[in-house]
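Pasted below: query-v3.tsv, TSV, C-alpha atoms (C1' of nucleotides).
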chain	number	residue	atom	x	y	z
O	1	MET	CA	47.46	142.86	-141.96
O	2	VAL	CA	46.78	146.52	-141.61
O	3	ALA	CA	44.62	147.68	-144.46
O	4	SER	CA	44.42	151.44	-144.23
O	5	THR	CA	46.97	153.57	-146.02
O	6	ALA	CA	45.93	156.90	-144.53
O	7	VAL	CA	46.25	157.85	-140.91
O	8	ARG	CA	43.07	156.74	-139.20
O	9	HIS	CA	41.56	159.16	-136.81
O	10	ASP	CA	39.30	158.04	-134.00
O	11	VAL	CA	36.68	160.73	-133.68
O	12	ASP	CA	35.68	161.13	-130.07
O	13	ALA	CA	33.10	163.37	-128.42
O	14	ILE	CA	35.43	166.38	-128.23
O	15	ASP	CA	36.32	166.08	-131.91
O	16	ARG	CA	32.62	166.10	-132.69
O	17	ARG	CA	32.14	169.26	-130.71
O	18	ILE	CA	35.10	170.84	-132.47
O	19	LEU	CA	33.59	169.98	-135.83
O	20	ALA	CA	30.19	171.30	-134.79
O	21	GLU	CA	31.70	174.58	-133.64
O	22	LEU	CA	33.75	174.92	-136.80
O	23	GLN	CA	30.67	174.16	-138.86
O	24	ARG	CA	29.01	177.10	-137.13
O	25	ASP	CA	32.00	179.42	-137.52
O	26	ALA	CA	35.14	178.20	-139.22
O	27	ARG	CA	37.06	181.41	-138.67
O	28	MET	CA	36.77	181.22	-134.91
O	29	SER	CA	40.17	181.43	-133.22
O	30	ILE	CA	41.65	178.31	-131.66
O	31	GLN	CA	41.39	180.05	-128.31
O	32	ASP	CA	37.65	180.59	-128.61
O	33	LEU	CA	37.21	177.12	-129.96
O	34	SER	CA	39.20	175.57	-127.13
O	35	SER	CA	37.16	177.25	-124.43
O	36	ARG	CA	33.92	176.23	-126.14
O	37	VAL	CA	34.91	172.58	-126.19
O	38	GLY	CA	36.45	172.69	-122.71
O	39	LEU	CA	40.09	172.37	-123.65
O	40	SER	CA	43.09	174.65	-123.54
O	41	ALA	CA	44.45	176.02	-126.77
O	42	SER	CA	47.36	173.66	-127.45
O	43	PRO	CA	45.52	170.30	-127.45
O	44	CYS	CA	42.67	171.94	-129.31
O	45	ALA	CA	45.01	173.12	-132.05
O	46	ARG	CA	46.55	169.66	-132.16
O	47	ARG	CA	43.14	168.04	-132.58
O	48	VAL	CA	42.22	170.41	-135.39
O	49	ARG	CA	45.53	169.64	-137.11
O	50	ASN	CA	44.92	165.92	-136.75
O	51	LEU	CA	41.42	166.27	-138.16
O	52	GLU	CA	42.87	168.14	-141.12
O	53	GLN	CA	45.66	165.65	-141.71
O	54	SER	CA	43.40	162.63	-141.44
O	55	GLY	CA	41.31	164.16	-144.21
O	56	LEU	CA	38.19	164.39	-142.09
O	57	ILE	CA	38.38	168.15	-142.38
O	58	ARG	CA	38.72	168.73	-146.10
O	59	GLY	CA	38.96	172.49	-145.77
O	60	TYR	CA	37.15	175.64	-144.82
O	61	THR	CA	34.86	177.74	-146.92
O	62	VAL	CA	32.86	180.92	-146.85
O	63	VAL	CA	29.07	180.80	-146.79
O	64	ILE	CA	27.80	183.27	-149.32
O	65	ASP	CA	24.33	184.75	-149.62
O	66	GLU	CA	23.50	183.73	-153.18
O	67	PRO	CA	20.54	186.10	-153.62
O	68	LEU	CA	22.63	189.08	-152.47
O	69	MET	CA	25.35	187.87	-154.81
O	70	GLY	CA	22.88	188.34	-157.65
O	71	PHE	CA	21.65	184.76	-158.03
O	72	PRO	CA	18.33	184.49	-156.22
O	73	ILE	CA	16.95	181.64	-158.35
O	74	SER	CA	18.03	178.03	-158.09
O	75	VAL	CA	16.93	175.35	-160.49
O	76	PHE	CA	17.38	171.60	-160.16
O	77	VAL	CA	18.03	169.97	-163.49
O	78	SER	CA	18.03	166.25	-164.24
O	79	VAL	CA	20.23	165.53	-167.20
O	80	LYS	CA	20.07	162.31	-169.16
O	81	LEU	CA	22.93	161.38	-171.47
O	82	ASP	CA	22.35	159.39	-174.62
O	83	HIS	CA	25.10	156.85	-173.97
O	84	GLN	CA	26.63	155.85	-170.71
O	85	ILE	CA	30.14	155.65	-172.11
O	86	ASP	CA	32.93	156.59	-169.72
O	87	ASP	CA	34.26	159.07	-172.21
O	88	ARG	CA	30.91	160.83	-172.47
O	89	LEU	CA	30.58	160.99	-168.71
O	90	ARG	CA	34.04	162.49	-168.44
O	91	SER	CA	33.46	165.17	-171.02
O	92	PHE	CA	30.07	166.04	-169.54
O	93	GLU	CA	31.60	166.37	-166.08
O	94	LEU	CA	34.39	168.50	-167.42
O	95	ALA	CA	31.89	170.88	-169.00
O	96	VAL	CA	29.78	171.00	-165.87
O	97	ARG	CA	32.77	171.85	-163.71
O	98	LYS	CA	33.52	174.77	-165.96
O	99	PHE	CA	30.03	176.28	-165.90
O	100	PRO	CA	29.90	178.78	-163.05
O	101	GLU	CA	26.10	178.47	-163.03
O	102	VAL	CA	26.35	174.86	-161.83
O	103	THR	CA	26.85	174.81	-158.09
O	104	ASP	CA	26.32	171.10	-157.47
O	105	CYS	CA	26.36	167.99	-159.59
O	106	TRP	CA	25.71	164.38	-158.66
O	107	LEU	CA	26.00	161.29	-160.81
O	108	MET	CA	22.94	159.20	-160.06
O	109	THR	CA	22.38	155.47	-160.15
O	110	GLY	CA	19.95	153.98	-162.57
O	111	ASP	CA	19.35	155.77	-165.75
O	112	ARG	CA	22.54	157.61	-166.76
O	113	ASP	CA	21.27	160.66	-164.95
O	114	TYR	CA	22.96	163.64	-163.45
O	115	LEU	CA	21.33	165.90	-160.90
O	116	LEU	CA	22.49	169.53	-161.03
O	117	ARG	CA	21.73	172.61	-159.06
O	118	ILE	CA	21.95	175.77	-161.15
O	119	ALA	CA	22.10	179.26	-159.64
O	120	VAL	CA	20.89	182.11	-161.83
O	121	SER	CA	19.81	185.72	-161.62
O	122	ASP	CA	16.44	185.05	-163.25
O	123	LEU	CA	14.63	182.64	-165.51
O	124	ILE	CA	15.81	184.45	-168.63
O	125	GLU	CA	19.36	183.65	-167.70
O	126	PHE	CA	18.35	180.08	-166.95
O	127	GLU	CA	16.79	179.78	-170.39
O	128	HIS	CA	19.99	181.08	-171.94
O	129	PHE	CA	22.06	178.66	-169.89
O	130	LEU	CA	19.94	175.73	-171.03
O	131	THR	CA	19.78	176.57	-174.71
O	132	GLY	CA	23.20	178.16	-175.07
O	133	LYS	CA	25.31	175.94	-172.86
O	134	LEU	CA	23.84	172.83	-171.30
O	135	THR	CA	22.01	171.37	-174.28
O	136	LYS	CA	25.08	172.00	-176.43
O	137	VAL	CA	27.22	169.66	-174.36
O	138	GLU	CA	27.86	166.52	-176.37
O	139	GLY	CA	25.73	163.59	-175.32
O	140	VAL	CA	22.97	165.44	-173.51
O	141	ALA	CA	19.75	163.67	-174.48
O	142	SER	CA	17.07	165.12	-172.24
O	143	LEU	CA	16.55	167.57	-169.43
O	144	GLU	CA	14.00	168.01	-166.69
O	145	SER	CA	13.93	171.13	-164.54
O	146	SER	CA	12.27	171.81	-161.22
O	147	ILE	CA	12.32	175.04	-159.34
O	148	PRO	CA	12.55	175.34	-155.60
O	149	ILE	CA	10.75	178.08	-153.70
O	150	ARG	CA	12.88	178.17	-150.65
O	151	ARG	CA	15.74	176.47	-148.88
O	152	VAL	CA	14.57	174.89	-145.64
O	153	LYS	CA	17.77	173.32	-144.31
O	154	GLU	CA	21.36	173.73	-145.33
O	155	ASN	CA	24.07	171.69	-143.67
O	156	SER	CA	27.32	171.11	-145.44
O	157	ALA	CA	27.60	167.66	-143.87
O	158	ARG	CA	26.01	165.34	-141.37
O	159	LEU	CA	27.86	165.30	-138.07
O	160	GLU	CA	25.81	163.13	-135.70
G	1	MET	CA	12.65	207.02	-152.78
G	2	VAL	CA	15.38	204.76	-151.54
G	3	ALA	CA	14.08	201.24	-151.23
G	4	SER	CA	16.79	199.21	-149.56
G	5	THR	CA	16.86	198.90	-145.79
G	6	ALA	CA	20.18	197.07	-145.50
G	7	VAL	CA	23.56	198.50	-146.39
G	8	ARG	CA	24.10	197.82	-150.06
G	9	HIS	CA	27.47	196.61	-151.05
G	10	ASP	CA	28.84	197.09	-154.51
G	11	VAL	CA	30.82	193.98	-155.26
G	12	ASP	CA	33.79	194.84	-157.43
G	13	ALA	CA	36.47	192.64	-158.97
G	14	ILE	CA	38.65	192.61	-155.86
G	15	ASP	CA	35.71	191.60	-153.68
G	16	ARG	CA	35.07	188.73	-156.04
G	17	ARG	CA	38.63	187.57	-155.75
G	18	ILE	CA	38.42	187.83	-151.98
G	19	LEU	CA	35.29	185.68	-152.02
G	20	ALA	CA	36.90	183.16	-154.35
G	21	GLU	CA	39.96	182.88	-152.13
G	22	LEU	CA	37.85	182.51	-149.02
G	23	GLN	CA	35.75	179.90	-150.75
G	24	ARG	CA	38.96	177.98	-151.31
G	25	ASP	CA	40.26	178.46	-147.77
G	26	ALA	CA	38.22	180.40	-145.28
G	27	ARG	CA	40.78	180.14	-142.51
G	28	MET	CA	43.48	181.93	-144.47
G	29	SER	CA	44.97	184.89	-142.59
G	30	ILE	CA	44.16	188.41	-143.73
G	31	GLN	CA	47.83	188.82	-144.60
G	32	ASP	CA	47.82	185.86	-146.97
G	33	LEU	CA	44.50	186.91	-148.39
G	34	SER	CA	45.64	190.48	-148.98
G	35	SER	CA	48.75	189.43	-150.89
G	36	ARG	CA	46.73	187.00	-153.00
G	37	VAL	CA	44.28	189.67	-154.06
G	38	GLY	CA	46.97	192.31	-154.50
G	39	LEU	CA	46.11	194.56	-151.58
G	40	SER	CA	47.74	195.40	-148.31
G	41	ALA	CA	46.27	194.05	-145.12
G	42	SER	CA	44.26	197.03	-143.88
G	43	PRO	CA	41.98	197.59	-146.88
G	44	CYS	CA	41.65	193.85	-147.28
G	45	ALA	CA	40.43	193.45	-143.72
G	46	ARG	CA	38.05	196.34	-144.26
G	47	ARG	CA	36.61	194.73	-147.37
G	48	VAL	CA	36.08	191.42	-145.59
G	49	ARG	CA	34.34	193.26	-142.75
G	50	ASN	CA	32.13	195.09	-145.21
G	51	LEU	CA	31.24	191.86	-146.97
G	52	GLU	CA	30.30	190.35	-143.62
G	53	GLN	CA	28.25	193.34	-142.51
G	54	SER	CA	26.40	193.66	-145.79
G	55	GLY	CA	25.29	190.05	-145.31
G	56	LEU	CA	26.97	188.88	-148.48
G	57	ILE	CA	29.25	186.72	-146.37
G	58	ARG	CA	26.85	184.81	-144.15
G	59	GLY	CA	29.58	182.98	-142.30
G	60	TYR	CA	32.34	180.45	-142.55
G	61	THR	CA	32.11	176.71	-142.30
G	62	VAL	CA	34.23	173.60	-142.27
G	63	VAL	CA	34.13	171.19	-145.20
G	64	ILE	CA	33.84	167.69	-143.80
G	65	ASP	CA	34.55	164.41	-145.55
G	66	GLU	CA	31.19	162.71	-145.03
G	67	PRO	CA	32.38	159.19	-145.92
G	68	LEU	CA	35.26	159.44	-143.43
G	69	MET	CA	32.77	160.77	-140.92
G	70	GLY	CA	30.92	157.49	-141.26
G	71	PHE	CA	28.23	158.52	-143.75
G	72	PRO	CA	29.35	157.34	-147.19
G	73	ILE	CA	25.85	157.02	-148.64
G	74	SER	CA	23.66	159.92	-149.70
G	75	VAL	CA	20.07	159.53	-150.77
G	76	PHE	CA	17.84	162.10	-152.41
G	77	VAL	CA	14.27	161.83	-151.24
G	78	SER	CA	11.26	163.56	-152.73
G	79	VAL	CA	8.57	163.97	-150.12
G	80	LYS	CA	4.96	164.73	-150.95
G	81	LEU	CA	2.65	166.01	-148.22
G	82	ASP	CA	-1.03	165.17	-148.23
G	83	HIS	CA	-2.21	168.74	-147.71
G	84	GLN	CA	-0.41	171.93	-148.51
G	85	ILE	CA	-1.56	173.66	-145.35
G	86	ASP	CA	0.86	176.15	-143.87
G	87	ASP	CA	0.65	174.41	-140.55
G	88	ARG	CA	1.62	171.10	-142.07
G	89	LEU	CA	4.54	172.62	-143.91
G	90	ARG	CA	5.75	174.20	-140.70
G	91	SER	CA	5.61	171.02	-138.68
G	92	PHE	CA	7.26	169.02	-141.45
G	93	GLU	CA	10.09	171.53	-141.69
G	94	LEU	CA	10.52	171.53	-137.93
G	95	ALA	CA	10.90	167.76	-137.95
G	96	VAL	CA	13.31	167.83	-140.87
G	97	ARG	CA	15.50	170.39	-139.19
G	98	LYS	CA	15.78	168.13	-136.16
G	99	PHE	CA	16.80	165.00	-138.06
G	100	PRO	CA	20.59	164.88	-138.23
G	101	GLU	CA	20.35	162.57	-141.25
G	102	VAL	CA	18.85	165.37	-143.34
G	103	THR	CA	21.63	167.58	-144.66
G	104	ASP	CA	19.62	169.63	-147.14
G	105	CYS	CA	15.98	170.39	-147.70
G	106	TRP	CA	14.29	172.47	-150.37
G	107	LEU	CA	10.62	173.34	-150.71
G	108	MET	CA	9.77	172.87	-154.37
G	109	THR	CA	7.23	174.57	-156.57
G	110	GLY	CA	4.41	172.59	-158.01
G	111	ASP	CA	3.17	169.61	-156.18
G	112	ARG	CA	3.69	170.18	-152.43
G	113	ASP	CA	7.05	168.52	-152.71
G	114	TYR	CA	10.17	168.69	-150.66
G	115	LEU	CA	13.54	167.59	-151.91
G	116	LEU	CA	15.86	166.23	-149.22
G	117	ARG	CA	19.38	164.95	-149.13
G	118	ILE	CA	19.91	162.28	-146.50
G	119	ALA	CA	23.37	161.14	-145.37
G	120	VAL	CA	23.60	157.66	-143.89
G	121	SER	CA	26.14	154.99	-143.04
G	122	ASP	CA	24.44	152.34	-145.15
G	123	LEU	CA	21.12	151.40	-146.69
G	124	ILE	CA	20.00	149.61	-143.54
G	125	GLU	CA	20.22	152.88	-141.67
G	126	PHE	CA	18.41	154.60	-144.50
G	127	GLU	CA	15.59	152.06	-144.30
G	128	HIS	CA	15.33	152.69	-140.55
G	129	PHE	CA	15.30	156.41	-141.11
G	130	LEU	CA	12.48	156.11	-143.62
G	131	THR	CA	10.27	153.73	-141.70
G	132	GLY	CA	11.10	154.89	-138.20
G	133	LYS	CA	11.29	158.64	-138.69
G	134	LEU	CA	10.38	160.21	-142.01
G	135	THR	CA	7.15	158.35	-142.78
G	136	LYS	CA	6.02	158.98	-139.22
G	137	VAL	CA	6.03	162.74	-139.67
G	138	GLU	CA	2.44	163.95	-139.85
G	139	GLY	CA	1.25	164.72	-143.33
G	140	VAL	CA	3.81	162.72	-145.31
G	141	ALA	CA	1.88	161.13	-148.15
G	142	SER	CA	4.50	159.62	-150.44
G	143	LEU	CA	8.23	159.28	-150.90
G	144	GLU	CA	10.54	158.70	-153.79
G	145	SER	CA	14.21	157.94	-153.29
G	146	SER	CA	17.13	158.08	-155.66
G	147	ILE	CA	20.67	157.19	-154.87
G	148	PRO	CA	23.69	159.02	-156.22
G	149	ILE	CA	26.89	157.20	-157.05
G	150	ARG	CA	29.27	160.08	-156.74
G	151	ARG	CA	29.49	163.81	-156.22
G	152	VAL	CA	30.86	165.52	-159.32
G	153	LYS	CA	30.85	169.16	-158.30
G	154	GLU	CA	30.40	170.82	-154.95
G	155	ASN	CA	30.33	174.59	-154.68
G	156	SER	CA	28.69	176.22	-151.73
G	157	ALA	CA	27.60	179.10	-153.94
G	158	ARG	CA	27.91	180.59	-157.40
G	159	LEU	CA	30.40	183.44	-157.50
G	160	GLU	CA	30.70	184.48	-161.14
I	1	DG	C1'	46.67	166.84	-121.06
I	2	DT	C1'	49.14	171.90	-119.03
I	3	DT	C1'	51.99	176.04	-118.87
I	4	DG	C1'	54.62	179.77	-120.64
I	5	DA	C1'	57.43	182.45	-123.79
I	6	DA	C1'	58.67	183.84	-128.67
I	7	DA	C1'	56.93	184.71	-133.09
I	8	DA	C1'	53.21	185.74	-136.10
I	9	DC	C1'	49.08	188.08	-136.76
I	10	DA	C1'	45.04	191.38	-136.33
I	11	DC	C1'	43.32	195.75	-135.45
I	12	DT	C1'	43.56	200.76	-135.13
I	13	DG	C1'	44.63	205.28	-136.43
I	14	DG	C1'	47.20	208.81	-138.93
I	15	DA	C1'	50.03	210.81	-142.96
I	16	DG	C1'	50.45	211.10	-147.70
I	17	DA	C1'	49.52	209.69	-152.83
Z	1	DT	C1'	40.36	204.46	-151.50
Z	2	DC	C1'	44.67	202.96	-151.54
Z	3	DT	C1'	49.80	202.36	-149.24
Z	4	DC	C1'	52.76	202.52	-145.54
Z	5	DC	C1'	53.91	202.62	-140.86
Z	6	DA	C1'	53.90	202.30	-135.92
Z	7	DG	C1'	51.71	200.74	-131.54
Z	8	DT	C1'	48.91	197.53	-129.02
Z	9	DG	C1'	46.68	193.40	-127.83
Z	10	DT	C1'	45.59	188.83	-129.39
Z	11	DT	C1'	46.67	184.38	-131.31
Z	12	DT	C1'	49.53	180.61	-132.72
Z	13	DT	C1'	53.21	177.63	-132.12
Z	14	DC	C1'	56.44	174.95	-129.82
Z	15	DA	C1'	59.25	173.56	-126.23
Z	16	DA	C1'	59.33	171.61	-121.57
Z	17	DC	C1'	56.60	169.53	-118.02

As structure tokens, what does this structure read like?
Amino acid sequence: MVASTAVRHDVDAIDRRILAELQRDARMSIQDLSSRVGLSASPCARRVRNLEQSGLIRGYTVVIDEPLMGFPISVFVSVKLDHQIDDRLRSFELAVRKFPEVTDCWLMTGDRDYLLRIAVSDLIEFEHFLTGKLTKVEGVASLESSIPIRRVKENSARLE
Amino acid sequence: MVASTAVRHDVDAIDRRILAELQRDARMSIQDLSSRVGLSASPCARRVRNLEQSGLIRGYTVVIDEPLMGFPISVFVSVKLDHQIDDRLRSFELAVRKFPEVTDCWLMTGDRDYLLRIAVSDLIEFEHFLTGKLTKVEGVASLESSIPIRRVKENSARLE
DNA sequence: GTTGAAAACACTGGAGA
DNA sequence: TCTCCAGTGTTTTCAAC
């Protein structure tokens, strides 16, 4: 019996190099990309298409300088909900997805916790976000914030 | 006195829409992009170039499905160093940048802490990473791991 | 995997609103 | 600063090999 429903894609060494190059610069032309990975354009384009269709490449995005964008401060916030009911989780996640301040959100194991990264212009705005928005979401029981100084490494995904 | 050394870029509403569209699909052609933001191609290309040159657009990257890539498990690790000496920080950061398992790393305020996200194929590999690599980095005093169940929101940067 | 030709696209510069 | 347009070179796509 064949289990998989999606088209499986065997990622070989060239695919890895394609992904690494696209991680570095996703707007590179297929021509440039092909010469960097030692292929001609047609098979390179085909590989990229296959990587997209297999779902391994989920998309392409722009890398924005958050400080220049007006949001130099990040804050990590641990959120604890008062009940781990599916409905509560859903409504919390819905709210979080709507808040533009929230850049990342993970549901953690253990103690009905979420881990959020918040991007703000300053701590005043963060205060307003906490009191005016986050604590008003139904089910939020407690919060714990920690502030990073600096981002040391930033890779969208592990490749090797 | 004019303070800024770099070229300042006033981000207007159209620029924001350009950034939002590129965040959705960074490989979109300028033609597509221009019609989506209600501009013709030439000024749209100029705006993108300006956003790149002002540093607001730092680059473009591919969004990879980490589970399909073979790394379905993420772990957040808090690392405490035994001395907050600049030299120790530097060597720790150098090591972290070299480990492919580490996708993100933040230097936190407070207690000489780093926050890392690790991507692994399973918990066995995570164990090996901890014992074989991370704890062997000079200056690492203590570790605390927490495991997420699921990613709820994933935005490379705040835009609004 | 390669080559090559047609179609789509990007870039430039100039005229006019 | 935008639109529109034309000219040029590049890039993508797709067939045939």

### Message
Residues of chain G within 10 Å of chain Z, counting all atoms listed in the file, what are they? List them as a PyMOL selection string.
### Response
chain G and resi 39-43

Could you build a table of the residues in chain I lying no more than 12 Å from chain O, giving for each the nearest pair of atoms and their separation in Å rounded to one decimal place, using all atoms listed in the file, ordered by chain and ascending residue number, as a Markdown table?
| residue | atom | partner | partner_atom | distance |
| --- | --- | --- | --- | --- |
| I:DG1 | C1' | O:Pro43 | CA | 7.4 |
| I:DT2 | C1' | O:Ser40 | CA | 8.0 |
| I:DT3 | C1' | O:Ser42 | CA | 10.0 |
| I:DG4 | C1' | O:Ser42 | CA | 11.7 |
| I:DC9 | C1' | O:Ser29 | CA | 11.7 |
| I:DA10 | C1' | O:Ser29 | CA | 11.5 |

Counting all atoms listed in the file, which residues of chain O fall within 8 Å of chain G, and what is the closest atom pair for each with its distance in Å at one decimal, ordered by chain and rising number, as JSON lines?
{"residue": "O:Leu19", "atom": "CA", "partner": "G:Val62", "partner_atom": "CA", "distance": 7.4}
{"residue": "O:Leu22", "atom": "CA", "partner": "G:Val62", "partner_atom": "CA", "distance": 5.6}
{"residue": "O:Gln23", "atom": "CA", "partner": "G:Thr61", "partner_atom": "CA", "distance": 4.5}
{"residue": "O:Arg24", "atom": "CA", "partner": "G:Thr61", "partner_atom": "CA", "distance": 6.0}
{"residue": "O:Asp25", "atom": "CA", "partner": "G:Tyr60", "partner_atom": "CA", "distance": 5.1}
{"residue": "O:Ala26", "atom": "CA", "partner": "G:Thr61", "partner_atom": "CA", "distance": 4.6}
{"residue": "O:Arg27", "atom": "CA", "partner": "G:Arg27", "partner_atom": "CA", "distance": 5.5}
{"residue": "O:Gly55", "atom": "CA", "partner": "G:Asp65", "partner_atom": "CA", "distance": 6.9}
{"residue": "O:Leu56", "atom": "CA", "partner": "G:Asp65", "partner_atom": "CA", "distance": 5.0}
{"residue": "O:Ile57", "atom": "CA", "partner": "G:Ile64", "partner_atom": "CA", "distance": 4.8}
{"residue": "O:Arg58", "atom": "CA", "partner": "G:Val63", "partner_atom": "CA", "distance": 5.3}
{"residue": "O:Gly59", "atom": "CA", "partner": "G:Val63", "partner_atom": "CA", "distance": 5.0}
{"residue": "O:Tyr60", "atom": "CA", "partner": "G:Val62", "partner_atom": "CA", "distance": 4.4}
{"residue": "O:Thr61", "atom": "CA", "partner": "G:Gln23", "partner_atom": "CA", "distance": 4.5}
{"residue": "O:Val62", "atom": "CA", "partner": "G:Tyr60", "partner_atom": "CA", "distance": 4.4}
{"residue": "O:Val63", "atom": "CA", "partner": "G:Gly59", "partner_atom": "CA", "distance": 5.0}
{"residue": "O:Ile64", "atom": "CA", "partner": "G:Ile57", "partner_atom": "CA", "distance": 4.8}
{"residue": "O:Asp65", "atom": "CA", "partner": "G:Leu56", "partner_atom": "CA", "distance": 5.0}
{"residue": "O:Glu66", "atom": "CA", "partner": "G:Ala157", "partner_atom": "CA", "distance": 6.2}
{"residue": "O:Leu68", "atom": "CA", "partner": "G:Leu56", "partner_atom": "CA", "distance": 5.9}
{"residue": "O:Met69", "atom": "CA", "partner": "G:Leu56", "partner_atom": "CA", "distance": 6.6}
{"residue": "O:Phe71", "atom": "CA", "partner": "G:Arg158", "partner_atom": "CA", "distance": 7.5}
{"residue": "O:Glu93", "atom": "CA", "partner": "G:Val152", "partner_atom": "CA", "distance": 6.9}
{"residue": "O:Val96", "atom": "CA", "partner": "G:Lys153", "partner_atom": "CA", "distance": 7.9}
{"residue": "O:Arg97", "atom": "CA", "partner": "G:Lys153", "partner_atom": "CA", "distance": 6.3}
{"residue": "O:Pro100", "atom": "CA", "partner": "G:Glu160", "partner_atom": "CA", "distance": 6.1}
{"residue": "O:Glu101", "atom": "CA", "partner": "G:Arg158", "partner_atom": "CA", "distance": 6.3}
{"residue": "O:Val102", "atom": "CA", "partner": "G:Arg158", "partner_atom": "CA", "distance": 7.4}
{"residue": "O:Thr103", "atom": "CA", "partner": "G:Asn155", "partner_atom": "CA", "distance": 4.9}
{"residue": "O:Asp104", "atom": "CA", "partner": "G:Glu154", "partner_atom": "CA", "distance": 4.8}
{"residue": "O:Cys105", "atom": "CA", "partner": "G:Lys153", "partner_atom": "CA", "distance": 4.8}
{"residue": "O:Trp106", "atom": "CA", "partner": "G:Arg151", "partner_atom": "CA", "distance": 4.5}
{"residue": "O:Leu107", "atom": "CA", "partner": "G:Arg150", "partner_atom": "CA", "distance": 5.4}
{"residue": "O:Met108", "atom": "CA", "partner": "G:Pro148", "partner_atom": "CA", "distance": 3.9}
{"residue": "O:Thr109", "atom": "CA", "partner": "G:Pro148", "partner_atom": "CA", "distance": 5.5}
{"residue": "O:Ala119", "atom": "CA", "partner": "G:Arg158", "partner_atom": "CA", "distance": 6.4}
{"residue": "O:Ser146", "atom": "CA", "partner": "G:Met108", "partner_atom": "CA", "distance": 7.4}
{"residue": "O:Ile147", "atom": "CA", "partner": "G:Thr109", "partner_atom": "CA", "distance": 5.8}
{"residue": "O:Pro148", "atom": "CA", "partner": "G:Met108", "partner_atom": "CA", "distance": 3.9}
{"residue": "O:Ile149", "atom": "CA", "partner": "G:Met108", "partner_atom": "CA", "distance": 5.3}
{"residue": "O:Arg150", "atom": "CA", "partner": "G:Leu107", "partner_atom": "CA", "distance": 5.3}
{"residue": "O:Arg151", "atom": "CA", "partner": "G:Trp106", "partner_atom": "CA", "distance": 4.5}
{"residue": "O:Val152", "atom": "CA", "partner": "G:Cys105", "partner_atom": "CA", "distance": 5.1}
{"residue": "O:Lys153", "atom": "CA", "partner": "G:Cys105", "partner_atom": "CA", "distance": 4.8}
{"residue": "O:Glu154", "atom": "CA", "partner": "G:Asp104", "partner_atom": "CA", "distance": 4.8}
{"residue": "O:Asn155", "atom": "CA", "partner": "G:Thr103", "partner_atom": "CA", "distance": 4.9}
{"residue": "O:Ser156", "atom": "CA", "partner": "G:Thr103", "partner_atom": "CA", "distance": 6.7}
{"residue": "O:Ala157", "atom": "CA", "partner": "G:Thr103", "partner_atom": "CA", "distance": 6.0}
{"residue": "O:Arg158", "atom": "CA", "partner": "G:Thr103", "partner_atom": "CA", "distance": 5.9}
{"residue": "O:Leu159", "atom": "CA", "partner": "G:Met69", "partner_atom": "CA", "distance": 7.3}
{"residue": "O:Glu160", "atom": "CA", "partner": "G:Pro100", "partner_atom": "CA", "distance": 6.1}

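Across the model, the gap from CA of Thr131 in chain O to CA of Ile85 in chain O is 23.5 Å.
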
For Val140 in chain G, list every protein, DNA or RNA residue within 8 Å, evaluated using all atoms listed in the file, and leave out those in the same chain fewer than 6 positions away; present the list as a CSV table (one decimal) with C-alpha atoms, in the frame of the given file.
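The file below, selection-v6.csv, is the result:
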chain,number,residue,atom,x,y,z
G,79,VAL,CA,8.6,164.0,-150.1
G,80,LYS,CA,5.0,164.7,-151.0
G,81,LEU,CA,2.6,166.0,-148.2
G,82,ASP,CA,-1.0,165.2,-148.2
G,134,LEU,CA,10.4,160.2,-142.0
